[in-house]
file start22.cif (mmCIF, C-alpha atoms and all ligand atoms)
data_upload
loop_
_atom_site.label_atom_id
_atom_site.label_comp_id
_atom_site.auth_asym_id
_atom_site.auth_seq_id
_atom_site.Cartn_x
_atom_site.Cartn_y
_atom_site.Cartn_z
CA MET A 1 0.00 0.00 0.00
CA SER A 2 1.23 3.51 -0.70
CA ASN A 3 0.47 7.06 0.47
CA LYS A 4 0.33 6.26 4.15
CA ASP A 5 2.85 8.81 5.46
CA ASN A 6 1.57 11.63 7.65
CA GLN A 7 -2.00 11.12 6.57
CA ASP A 8 -3.79 10.09 9.68
CA HIS A 9 -7.15 11.79 9.21
CA PHE A 10 -10.03 9.44 8.47
CA GLU A 11 -11.03 11.19 5.22
CA THR A 12 -7.46 11.37 3.92
CA GLN A 13 -6.68 7.74 4.67
CA ALA A 14 -9.94 6.69 3.02
CA ILE A 15 -8.83 8.42 -0.18
CA ARG A 16 -5.05 8.16 -0.12
CA THR A 17 -4.58 4.52 0.90
CA GLN A 18 -3.97 2.81 -2.40
CA ILE A 19 -2.31 -0.25 -3.81
CA GLU A 20 1.04 0.49 -5.47
CA ARG A 21 0.84 2.14 -8.90
CA THR A 22 1.64 0.00 -11.94
CA GLN A 23 3.95 1.06 -14.80
CA PHE A 24 0.95 2.89 -16.33
CA LEU A 25 0.94 5.42 -13.46
CA GLU A 26 -2.81 5.30 -13.07
CA HIS A 27 -4.30 7.86 -10.69
CA SER A 28 -7.18 5.73 -9.41
CA SER A 29 -6.64 2.10 -8.33
CA PRO A 30 -7.20 -0.30 -11.23
CA LEU A 31 -9.42 -3.35 -11.03
CA TYR A 32 -7.43 -6.61 -10.83
CA LEU A 33 -9.77 -9.13 -12.40
CA SER A 34 -7.40 -12.06 -12.17
CA SER A 35 -8.22 -15.37 -10.50
CA SER A 36 -4.56 -16.21 -9.94
CA PHE A 37 -1.09 -14.63 -9.94
CA VAL A 38 2.12 -15.93 -11.51
CA PHE A 39 5.41 -16.98 -9.90
CA GLU A 40 8.93 -16.04 -11.00
CA ASP A 41 10.28 -19.57 -10.67
CA ALA A 42 10.03 -22.80 -8.64
CA GLU A 43 11.64 -21.26 -5.56
CA ASP A 44 9.28 -18.27 -5.62
CA MET A 45 6.37 -20.68 -5.89
CA ARG A 46 7.60 -22.86 -3.01
CA ALA A 47 8.29 -19.88 -0.71
CA SER A 48 4.92 -18.32 -1.52
CA PHE A 49 2.99 -21.48 -0.67
CA ALA A 50 5.09 -21.94 2.47
CA GLU A 51 3.93 -18.41 3.45
CA GLU A 52 7.52 -17.23 3.71
CA LYS A 53 6.49 -14.41 1.39
CA GLN A 54 3.44 -12.18 1.61
CA ARG A 55 2.09 -12.03 -1.92
CA ASN A 56 -1.00 -12.76 -3.95
CA ILE A 57 -1.35 -16.39 -5.04
CA TYR A 58 -5.02 -16.90 -5.83
CA SER A 59 -7.95 -14.51 -5.43
CA ARG A 60 -9.77 -16.80 -2.98
CA PHE A 61 -6.81 -16.10 -0.64
CA SER A 62 -6.14 -12.45 -1.47
CA ASN A 63 -6.27 -9.97 -4.33
CA PRO A 64 -4.89 -6.41 -4.60
CA ASN A 65 -8.39 -4.92 -4.59
CA THR A 66 -9.59 -6.84 -1.54
CA SER A 67 -6.32 -5.98 0.23
CA GLU A 68 -6.85 -2.26 -0.43
CA PHE A 69 -10.41 -2.45 0.89
CA VAL A 70 -9.37 -4.42 4.01
CA GLU A 71 -6.42 -2.10 4.69
CA LYS A 72 -8.73 0.93 4.68
CA ILE A 73 -11.24 -0.69 7.04
CA CYS A 74 -8.37 -1.70 9.38
CA GLN A 75 -7.13 1.89 9.48
CA MET A 76 -10.63 3.22 10.11
CA GLU A 77 -11.38 0.72 12.88
CA GLY A 78 -7.91 0.78 14.46
CA ALA A 79 -7.53 -2.95 13.70
CA GLU A 80 -4.40 -5.01 13.13
CA ASP A 81 -5.65 -7.11 10.26
CA GLY A 82 -8.77 -8.25 8.41
CA TYR A 83 -10.36 -10.41 5.75
CA ALA A 84 -13.08 -9.45 3.24
CA PHE A 85 -16.13 -11.59 2.50
CA ALA A 86 -18.78 -11.87 -0.20
CA THR A 87 -21.53 -10.69 2.17
CA GLY A 88 -22.02 -9.54 5.75
CA MET A 89 -23.49 -12.95 6.60
CA ALA A 90 -20.46 -14.72 5.13
CA ALA A 91 -18.34 -12.57 7.46
CA ILE A 92 -20.44 -13.43 10.53
CA TYR A 93 -20.70 -17.14 9.74
CA SER A 94 -17.05 -17.65 8.74
CA THR A 95 -15.70 -15.64 11.68
CA LEU A 96 -17.62 -17.72 14.23
CA ALA A 97 -17.17 -21.04 12.40
CA ALA A 98 -13.41 -20.44 12.25
CA LEU A 99 -13.07 -19.65 15.94
CA LEU A 100 -15.60 -21.95 17.65
CA ASN A 101 -15.49 -25.68 18.35
CA SER A 102 -18.17 -28.20 19.17
CA GLY A 103 -19.29 -27.63 22.76
CA ASP A 104 -18.58 -23.89 22.73
CA HIS A 105 -21.18 -21.40 23.88
CA ILE A 106 -22.08 -17.88 22.70
CA VAL A 107 -23.72 -15.16 24.77
CA SER A 108 -25.52 -12.80 22.40
CA ALA A 109 -27.81 -9.82 22.51
CA ARG A 110 -31.33 -10.98 21.60
CA SER A 111 -31.70 -8.13 19.09
CA VAL A 112 -29.43 -9.28 16.31
CA PHE A 113 -30.00 -9.30 12.57
CA GLY A 114 -32.50 -12.04 11.55
CA SER A 115 -30.04 -14.27 9.67
CA THR A 116 -27.54 -14.05 12.55
CA HIS A 117 -30.32 -15.20 14.84
CA THR A 118 -31.12 -18.09 12.47
CA LEU A 119 -27.43 -19.04 12.43
CA PHE A 120 -27.39 -19.18 16.22
CA THR A 121 -30.70 -21.00 16.68
CA LYS A 122 -30.90 -23.30 13.64
CA TYR A 123 -27.44 -24.07 12.28
CA PHE A 124 -24.86 -23.78 15.07
CA PRO A 125 -26.74 -26.25 17.32
CA LYS A 126 -26.09 -28.86 14.56
CA TRP A 127 -22.41 -28.60 15.56
CA ASN A 128 -23.20 -28.42 19.26
CA ILE A 129 -22.53 -24.68 19.49
CA THR A 130 -25.22 -23.12 21.66
CA THR A 131 -26.30 -19.54 22.37
CA SER A 132 -27.89 -17.76 25.33
CA TYR A 133 -29.50 -14.35 24.90
CA PHE A 134 -29.75 -11.16 26.91
CA ASP A 135 -32.15 -8.29 26.23
CA VAL A 136 -30.62 -4.95 25.31
CA ASP A 137 -31.77 -3.41 28.60
CA GLU A 138 -30.42 -6.38 30.60
CA VAL A 139 -26.68 -5.98 30.22
CA ASP A 140 -26.47 -6.66 33.97
CA LYS A 141 -27.72 -10.22 33.34
CA ILE A 142 -24.90 -11.13 30.95
CA GLU A 143 -22.60 -12.47 33.65
CA SER A 144 -25.26 -14.90 34.86
CA LEU A 145 -25.42 -16.43 31.34
CA ILE A 146 -21.67 -17.09 31.10
CA THR A 147 -20.64 -20.72 31.58
CA LYS A 148 -17.26 -22.46 31.51
CA ASP A 149 -17.89 -23.14 27.78
CA THR A 150 -18.66 -19.53 26.81
CA LYS A 151 -16.19 -18.27 24.22
CA VAL A 152 -17.89 -15.34 22.53
CA LEU A 153 -19.90 -12.29 23.56
CA PHE A 154 -21.75 -11.08 20.45
CA ALA A 155 -23.81 -7.93 19.85
CA GLU A 156 -24.67 -5.30 17.29
CA SER A 157 -25.16 -1.63 18.11
CA PRO A 158 -27.29 0.17 17.08
CA THR A 159 -29.57 -2.82 16.51
CA ASN A 160 -31.62 -3.68 13.45
CA PRO A 161 -34.50 -2.73 13.18
CA ALA A 162 -35.37 -1.10 16.53
CA VAL A 163 -32.20 1.06 16.81
CA ASP A 164 -31.43 0.09 20.41
CA VAL A 165 -27.96 1.00 21.63
CA LEU A 166 -25.72 -1.29 23.72
CA ASP A 167 -23.02 0.00 26.04
CA LEU A 168 -19.85 -1.17 24.27
CA ASP A 169 -17.60 -0.12 27.14
CA ARG A 170 -19.59 -2.30 29.53
CA LEU A 171 -19.51 -5.24 27.09
CA GLY A 172 -15.75 -4.76 26.74
CA GLN A 173 -15.29 -4.91 30.52
CA ILE A 174 -17.39 -8.08 30.87
CA ALA A 175 -15.56 -9.79 27.99
CA LYS A 176 -12.20 -8.92 29.51
CA LYS A 177 -13.17 -10.09 32.98
CA HIS A 178 -14.37 -13.48 31.71
CA ASN A 179 -11.75 -13.88 28.97
CA LEU A 180 -14.35 -13.91 26.17
CA LEU A 181 -13.96 -12.76 22.60
CA LEU A 182 -16.08 -9.67 22.10
CA ILE A 183 -17.41 -9.55 18.53
CA ILE A 184 -19.39 -6.50 17.43
CA ASP A 185 -21.47 -6.18 14.26
CA ASN A 186 -20.83 -2.48 13.52
CA CYS A 187 -22.99 -2.36 10.40
CA PHE A 188 -25.41 0.41 11.48
CA ALA A 189 -22.68 2.73 12.74
CA THR A 190 -19.93 2.19 10.12
CA PRO A 191 -16.28 2.77 11.09
CA TYR A 192 -16.86 6.51 10.68
CA LEU A 193 -19.31 6.78 13.58
CA GLN A 194 -18.11 4.13 16.02
CA ASN A 195 -14.96 2.08 16.65
CA PRO A 196 -15.76 -0.89 18.94
CA ILE A 197 -12.08 -1.89 19.27
CA LYS A 198 -11.57 1.25 21.40
CA PHE A 199 -14.08 -0.21 23.86
CA GLY A 200 -12.47 -3.65 24.00
CA ALA A 201 -13.88 -5.52 20.98
CA ASP A 202 -11.55 -8.21 19.64
CA LEU A 203 -13.25 -8.34 16.27
CA VAL A 204 -15.52 -5.97 14.36
CA ILE A 205 -17.76 -7.17 11.54
CA HIS A 206 -19.46 -5.13 8.83
CA SER A 207 -22.04 -5.86 6.22
CA ALA A 208 -20.43 -3.60 3.58
CA THR A 209 -23.64 -3.99 1.57
CA LYS A 210 -25.19 -1.21 3.63
CA LEU A 211 -23.67 2.24 4.25
CA ILE A 212 -20.15 1.25 3.18
CA ASP A 213 -21.33 0.71 -0.40
CA GLY A 214 -24.00 3.30 0.28
CA GLN A 215 -25.47 3.20 -3.18
CA GLY A 216 -27.33 -0.10 -3.18
CA ARG A 217 -25.06 -1.79 -5.74
CA VAL A 218 -22.97 -4.63 -4.36
CA LEU A 219 -22.86 -7.06 -1.45
CA GLY A 220 -19.83 -7.40 0.76
CA GLY A 221 -18.63 -8.07 4.28
CA VAL A 222 -15.49 -7.68 6.31
CA THR A 223 -14.07 -8.77 9.67
CA VAL A 224 -11.20 -6.84 11.25
CA GLY A 225 -9.40 -6.97 14.59
CA ASN A 226 -6.74 -8.93 16.43
CA ALA A 227 -4.14 -10.32 13.97
CA GLU A 228 -3.94 -13.80 15.51
CA LEU A 229 -7.70 -14.26 15.33
CA ILE A 230 -7.75 -12.95 11.78
CA LYS A 231 -5.08 -15.50 10.84
CA ASP A 232 -7.44 -18.33 11.91
CA ILE A 233 -10.34 -16.68 10.08
CA TYR A 234 -8.18 -16.24 6.97
CA LEU A 235 -7.06 -19.89 6.96
CA PHE A 236 -10.63 -21.11 7.43
CA SER A 237 -11.88 -18.80 4.67
CA ARG A 238 -9.15 -19.47 2.15
CA ASN A 239 -10.13 -23.14 2.36
CA THR A 240 -13.91 -22.73 2.45
CA GLY A 241 -14.25 -19.93 -0.12
CA PRO A 242 -16.51 -17.09 1.14
CA SER A 243 -14.14 -14.41 -0.25
CA LEU A 244 -15.17 -11.01 -1.62
CA SER A 245 -14.83 -10.65 -5.40
CA ALA A 246 -12.20 -8.25 -6.75
CA PHE A 247 -14.90 -6.29 -8.55
CA ASN A 248 -16.98 -5.74 -5.43
CA ALA A 249 -13.84 -4.88 -3.44
CA TRP A 250 -12.94 -2.26 -6.04
CA ILE A 251 -16.42 -0.72 -5.79
CA LEU A 252 -16.38 -0.81 -1.98
CA SER A 253 -12.91 0.71 -1.73
CA LYS A 254 -14.05 3.58 -3.95
CA SER A 255 -17.17 3.94 -1.78
CA LEU A 256 -15.00 4.37 1.31
CA GLU A 257 -13.49 7.49 -0.29
CA THR A 258 -16.84 9.24 0.24
CA LEU A 259 -17.98 7.51 3.43
CA ALA A 260 -17.35 10.51 5.71
CA VAL A 261 -19.17 13.08 3.58
CA ARG A 262 -22.04 10.71 2.88
CA LEU A 263 -22.42 9.81 6.55
CA ASP A 264 -22.37 13.45 7.65
CA ARG A 265 -25.35 14.15 5.41
CA HIS A 266 -27.12 10.85 6.20
CA CYS A 267 -26.94 11.64 9.93
CA GLU A 268 -28.01 15.28 9.48
CA ASN A 269 -31.04 14.17 7.44
CA ALA A 270 -31.92 11.34 9.83
CA LEU A 271 -31.88 13.65 12.85
CA LYS A 272 -34.23 16.09 11.05
CA VAL A 273 -36.57 13.23 10.10
CA ALA A 274 -36.50 11.91 13.70
CA GLU A 275 -37.30 15.38 15.09
CA TYR A 276 -40.14 15.81 12.61
CA LEU A 277 -41.65 12.43 13.47
CA GLU A 278 -41.37 13.12 17.18
CA SER A 279 -43.59 16.17 16.74
CA HIS A 280 -46.28 14.25 14.79
CA ASP A 281 -49.54 13.43 16.58
CA LYS A 282 -49.96 10.07 14.80
CA VAL A 283 -46.63 8.85 16.10
CA ASN A 284 -46.36 7.22 19.55
CA TRP A 285 -42.60 7.38 19.87
CA VAL A 286 -39.43 7.75 17.80
CA ARG A 287 -36.17 5.91 18.32
CA TYR A 288 -32.97 7.57 17.06
CA PRO A 289 -29.68 7.33 19.00
CA PHE A 290 -29.05 11.10 19.01
CA LEU A 291 -32.59 12.09 20.10
CA LYS A 292 -32.63 13.03 23.77
CA SER A 293 -35.67 10.79 24.24
CA HIS A 294 -33.73 7.65 23.21
CA PRO A 295 -33.41 5.43 26.31
CA GLN A 296 -29.67 5.00 25.68
CA TYR A 297 -29.00 8.58 24.49
CA GLU A 298 -26.11 9.09 26.94
CA ILE A 299 -24.45 5.84 25.86
CA ALA A 300 -24.93 6.69 22.19
CA LYS A 301 -23.30 10.11 22.75
CA LYS A 302 -20.38 8.44 24.51
CA GLN A 303 -19.61 5.86 21.83
CA MET A 304 -20.91 7.31 18.53
CA LYS A 305 -19.88 10.38 16.58
CA ALA A 306 -23.43 10.87 15.26
CA GLY A 307 -26.67 8.87 15.31
CA GLY A 308 -26.50 7.01 11.99
CA ASN A 309 -29.12 6.98 9.25
CA VAL A 310 -31.81 4.66 10.64
CA VAL A 311 -34.85 6.01 12.46
CA ALA A 312 -37.48 3.71 13.97
CA PHE A 313 -40.90 4.95 15.02
CA GLU A 314 -44.24 3.58 16.13
CA ILE A 315 -47.39 4.58 14.33
CA LYS A 316 -50.49 4.85 16.50
CA GLY A 317 -52.79 1.93 15.78
CA GLY A 318 -50.90 -1.22 14.92
CA ILE A 319 -50.26 -3.60 12.02
CA GLU A 320 -53.09 -2.22 9.82
CA GLN A 321 -52.01 1.41 10.31
CA GLY A 322 -48.41 0.35 9.55
CA ARG A 323 -49.51 -1.29 6.29
CA GLN A 324 -51.64 1.74 5.32
CA PHE A 325 -48.68 4.02 5.94
CA ILE A 326 -46.45 1.90 3.70
CA ASP A 327 -49.10 1.87 0.94
CA ALA A 328 -49.37 5.68 1.05
CA ILE A 329 -45.61 6.23 0.59
CA LYS A 330 -44.90 7.84 -2.82
CA MET A 331 -41.20 8.64 -3.17
CA CYS A 332 -39.35 6.52 -0.59
CA SER A 333 -38.57 2.95 -1.60
CA LEU A 334 -40.18 -0.15 -0.14
CA SER A 335 -37.15 -2.41 -0.02
CA ALA A 336 -35.37 -4.82 2.31
CA ASN A 337 -32.01 -3.02 2.09
CA LEU A 338 -30.79 -0.06 4.11
CA GLY A 339 -27.96 2.45 3.98
CA ASP A 340 -28.66 3.56 0.40
CA THR A 341 -28.72 7.07 -1.11
CA ARG A 342 -32.46 6.40 -1.55
CA THR A 343 -34.64 6.55 1.58
CA ILE A 344 -36.13 3.12 2.33
CA VAL A 345 -39.18 2.44 4.49
CA THR A 346 -40.06 -0.95 5.98
CA HIS A 347 -42.72 -2.29 8.33
CA PRO A 348 -41.05 -5.26 10.13
CA ALA A 349 -44.20 -6.68 11.82
CA SER A 350 -45.98 -7.33 8.49
CA THR A 351 -42.86 -8.27 6.50
CA THR A 352 -39.40 -9.36 7.76
CA HIS A 353 -40.60 -10.41 11.22
CA SER A 354 -44.17 -11.51 10.37
CA LYS A 355 -43.41 -15.18 11.14
CA LEU A 356 -42.51 -14.41 14.76
CA THR A 357 -45.18 -14.44 17.45
CA GLU A 358 -46.12 -11.04 18.87
CA LYS A 359 -44.34 -12.03 22.12
CA ASP A 360 -41.12 -12.86 20.26
CA ARG A 361 -41.36 -9.65 18.25
CA LEU A 362 -41.81 -7.59 21.41
CA SER A 363 -38.77 -9.24 23.01
CA VAL A 364 -36.66 -7.60 20.28
CA SER A 365 -38.54 -4.26 20.51
CA ILE A 366 -40.58 -4.81 17.32
CA THR A 367 -44.07 -3.55 18.07
CA ASP A 368 -46.92 -3.90 15.54
CA GLY A 369 -46.74 -0.24 14.53
CA LEU A 370 -42.92 -0.08 14.26
CA VAL A 371 -41.65 1.45 11.02
CA ARG A 372 -37.95 1.54 10.08
CA VAL A 373 -36.73 4.39 7.91
CA SER A 374 -33.26 4.22 6.39
CA VAL A 375 -32.85 7.90 5.65
CA GLY A 376 -31.11 8.56 2.33
CA LEU A 377 -29.42 11.51 0.68
CA GLU A 378 -32.39 13.05 -1.14
CA HIS A 379 -33.27 16.59 -0.01
CA VAL A 380 -34.56 16.10 3.52
CA GLU A 381 -37.67 18.22 2.88
CA ASP A 382 -38.75 15.79 0.16
CA VAL A 383 -38.27 12.85 2.52
CA ILE A 384 -40.23 14.56 5.28
CA ASN A 385 -43.03 15.54 2.85
CA ASP A 386 -43.40 11.93 1.74
CA LEU A 387 -43.60 10.70 5.36
CA LYS A 388 -46.01 13.54 6.22
CA HIS A 389 -48.29 12.63 3.33
CA ALA A 390 -48.20 8.90 4.23
CA LEU A 391 -49.00 9.61 7.87
CA GLY A 392 -52.02 11.42 6.43
C1 LIG B 401 -26.85 -5.57 11.27
C2 LIG B 401 -26.67 -6.46 10.07
N1 LIG B 401 -25.72 -7.41 10.10
C3 LIG B 401 -25.53 -8.23 9.04
C4 LIG B 401 -26.30 -8.15 7.91
C5 LIG B 401 -26.07 -9.11 6.78
O1 LIG B 401 -25.42 -8.50 5.73
P1 LIG B 401 -25.48 -9.02 4.21
O2 LIG B 401 -26.86 -8.77 3.73
O3 LIG B 401 -24.42 -8.22 3.53
O4 LIG B 401 -25.16 -10.48 4.25
C6 LIG B 401 -27.30 -7.16 7.85
C7 LIG B 401 -28.14 -7.04 6.64
O5 LIG B 401 -29.16 -6.39 6.62
C8 LIG B 401 -27.49 -6.30 8.96
O6 LIG B 401 -28.43 -5.34 8.94
#
call {"tool": "encode", "arguments": {"input": "start22.cif", "output": "structure tokens"}}
result
Amino acid sequence: MSNKDNQDHFETQAIRTQIERTQFLEHSSPLYLSSSFVFEDAEDMRASFAEEKQRNIYSRFSNPNTSEFVEKICQMEGAEDGYAFATGMAAIYSTLAALLNSGDHIVSARSVFGSTHTLFTKYFPKWNITTSYFDVDEVDKIESLITKDTKVLFAESPTNPAVDVLDLDRLGQIAKKHNLLLIIDNCFATPYLQNPIKFGADLVIHSATKLIDGQGRVLGGVTVGNAELIKDIYLFSRNTGPSLSAFNAWILSKSLETLAVRLDRHCENALKVAEYLESHDKVNWVRYPFLKSHPQYEIAKKQMKAGGNVVAFEIKGGIEQGRQFIDAIKMCSLSANLGDTRTIVTHPASTTHSKLTEKDRLSVSITDGLVRVSVGLEHVEDVINDLKHALG
């Protein structure tokens, strides 16, 4: 990597960290669409496979574009090393599968992304890896869930879709005291707003599909953190094949160049939307980390630079009113993604979480009238007008 000297500001590193220039002296990093890389001779080949040399061998192991992307995320998160995956779920699955053995136990926040929850409840038990859950407002109960087999403390903050905030400092202290690996899904905050390693996380995972791409184009994931752990994750992944494609890495690395400016505007817009909704008489409550009314506002202020782009709110009424609201939306998109330039509105109780019982939904803060808005980069007045119209 080049251009690293004296450039320690987030924005500068995001732009100036680049793979070495080729003989063509290109300004912007080229795309290396090459499945494999050639060796000088037999000795070079032997030494490369023996890992005596750090170099690209095969793009399932590494590729210049994925290395550039990973290097930038490491700098942003203050991590020693990392590995890039095809999706956020590939990152979560491969990270845990690489580090856990049969008989190991996970303690996880109950509010985790749906597929992560499915991994913990449906697939890991097949390999005798079990999980116990704590509610976001029950951090004090975590210690009572830890057993001699517990290896990992897992959480995301802010959570999807209810935008709850967990105290990362507190999680870091508990993990340290009990010698657990603290793994944080930092997808909603991005490395620009929150750096869990500062609070004691051993590994940080991102779905790069969301705000890191930011334009709804490609899927990607990344895990960064402690170099020894990453080595195990790398070896597992280079043999099982969940790697990020060079093309997607190239897109995502370019996206990181604008992450700071995009996030500044996303957060500014989201706060305005949250304030507007809070003043609306058809809204019961609004959840946004940087609203004073958020139950974990003080914690959010302590660990995040700004509140992110997701606002959750509860429409008065319930499921039917939620559905009517969604049907009345004109400009915003009805889509399962988030973290796009386009504002996206979803109603979890009638869609993503409709198969859960009401009791199970409530245990992860999803009430019948809950609406999740991923606030985009359109003019905020247009976003607010669309929500105003739909609230009728
Ligand atoms: C918090 C969180 N983690 C992980 C994922 C999974 O990411 P991907 O869709 O890139 O596999 C998502 C996707 O929505 C998410 O919101």
call {"tool": "residues_around", "arguments": {"input": "start22.cif", "residues": "A:Gly82", "least_positions_apart": "2", "cutoff": "6 Å", "atoms": "all atoms listed in the file", "output": "ChimeraX atom specification"}}
result
/A:70,223-224,230
call {"tool": "write_last_selection", "arguments": {"input": "start22.cif", "atoms": "C-alpha atoms", "output": "PDB file, keeping the file's coordinate frame"}}
result
ATOM      1  CA  VAL A  70      -9.370  -4.420   4.010  1.00  0.00           C
ATOM      2  CA  THR A 223     -14.070  -8.770   9.670  1.00  0.00           C
ATOM      3  CA  VAL A 224     -11.200  -6.840  11.250  1.00  0.00           C
ATOM      4  CA  ILE A 230      -7.750 -12.950  11.780  1.00  0.00           C
TER       5      ILE A 230
END
call {"tool": "closest_atom_pairs", "arguments": {"input": "start22.cif", "of": "chain A", "to": "ligand LIG 401 (chain B)", "cutoff": "6 Å", "atoms": "all atoms listed in the file", "output": "Markdown table"}}
result
| residue | atom | partner | partner_atom | distance |
| --- | --- | --- | --- | --- |
| A:Thr87 | CA | B:LIG401 | O3 | 4.0 |
| A:Gly88 | CA | B:LIG401 | O3 | 3.5 |
| A:Met89 | CA | B:LIG401 | O4 | 3.8 |
| A:Phe113 | CA | B:LIG401 | C2 | 5.0 |
| A:Asn160 | CA | B:LIG401 | C1 | 5.6 |
| A:Cys187 | CA | B:LIG401 | C1 | 5.1 |
| A:Ser207 | CA | B:LIG401 | O3 | 4.3 |
| A:Thr209 | CA | B:LIG401 | O3 | 4.7 |
| A:Leu219 | CA | B:LIG401 | O3 | 5.3 |
| A:Gly220 | CA | B:LIG401 | O3 | 5.4 |
| A:Gly221 | CA | B:LIG401 | O3 | 5.8 |
call {"tool": "atom_distance", "arguments": {"input": "start22.cif", "atom1": "atom CA of A:Thr116", "atom2": "atom CA of A:Leu96"}}
result
10.7 Å
call {"tool": "atom_distance", "arguments": {"input": "start22.cif", "atom1": "atom CA of A:Leu377", "atom2": "atom CA of A:Gly307"}}
result
15.1 Å
call {"tool": "closest_residue", "arguments": {"input": "start22.cif", "among": "A:Ala90, A:Leu31, A:Ile146, A:Ala249", "to": "A:Ser67", "atoms": "all atoms listed in the file"}}
result
A:Ala249
call {"tool": "closest_residue", "arguments": {"input": "start22.cif", "among": "A:Ala50, A:Ile384, A:Ile73, A:Leu244", "to": "A:Glu257", "atoms": "only C-alpha atoms"}}
result
A:Ile73
call {"tool": "closest_residue", "arguments": {"input": "start22.cif", "among": "A:Leu252, A:Ala260, A:Leu171, A:Val310", "to": "A:Gly200", "atoms": "only C-alpha atoms"}}
result
A:Leu171
call {"tool": "residues_around", "arguments": {"input": "start22.cif", "residues": "A:Tyr276", "least_positions_apart": "3", "cutoff": "10 Å", "atoms": "all atoms listed in the file", "output": "ChimeraX atom specification"}}
result
/A:270-273,279-280,286,384,387-388
call {"tool": "atom_distance", "arguments": {"input": "start22.cif", "atom1": "atom CA of A:Thr343", "atom2": "atom CA of A:Val373"}}
result
7.0 Å
call {"tool": "closest_residue", "arguments": {"input": "start22.cif", "among": "A:Gln18, A:Ser132, A:Asn63, A:Ser243", "to": "A:Ser36", "atoms": "all atoms listed in the file"}}
result
A:Asn63
call {"tool": "build_atoms", "arguments": {"input": "start22.cif", "residues": "stretch 97-101 of chain A", "atoms": "all heavy atoms", "output": "short mmCIF file (atom, residue, chain, number, x, y, z; two decimals), in the coordinates of the input"}}
result
data_model
loop_
_atom_site.label_atom_id
_atom_site.label_comp_id
_atom_site.auth_asym_id
_atom_site.auth_seq_id
_atom_site.Cartn_x
_atom_site.Cartn_y
_atom_site.Cartn_z
N ALA A 97 -17.48 -19.63 12.72
CA ALA A 97 -17.17 -21.04 12.40
C ALA A 97 -15.66 -21.28 12.51
O ALA A 97 -15.23 -22.36 12.91
CB ALA A 97 -17.67 -21.37 11.01
N ALA A 98 -14.86 -20.27 12.17
CA ALA A 98 -13.41 -20.44 12.25
C ALA A 98 -12.94 -20.53 13.70
O ALA A 98 -12.01 -21.26 14.02
CB ALA A 98 -12.71 -19.28 11.54
N LEU A 99 -13.60 -19.79 14.58
CA LEU A 99 -13.07 -19.65 15.94
C LEU A 99 -13.70 -20.61 16.95
O LEU A 99 -13.12 -20.84 18.01
CB LEU A 99 -13.26 -18.21 16.43
CG LEU A 99 -12.55 -17.13 15.59
CD1 LEU A 99 -12.90 -15.75 16.11
CD2 LEU A 99 -11.04 -17.33 15.59
N LEU A 100 -14.90 -21.13 16.65
CA LEU A 100 -15.60 -21.95 17.65
C LEU A 100 -15.45 -23.44 17.37
O LEU A 100 -15.32 -23.87 16.22
CB LEU A 100 -17.08 -21.56 17.68
CG LEU A 100 -17.37 -20.14 18.17
CD1 LEU A 100 -18.85 -19.83 18.10
CD2 LEU A 100 -16.86 -19.93 19.59
N ASN A 101 -15.52 -24.22 18.44
CA ASN A 101 -15.49 -25.68 18.35
C ASN A 101 -16.78 -26.25 18.92
O ASN A 101 -17.49 -25.57 19.67
CB ASN A 101 -14.31 -26.23 19.16
CG ASN A 101 -12.99 -25.81 18.56
OD1 ASN A 101 -12.78 -25.95 17.35
ND2 ASN A 101 -12.11 -25.26 19.37
#
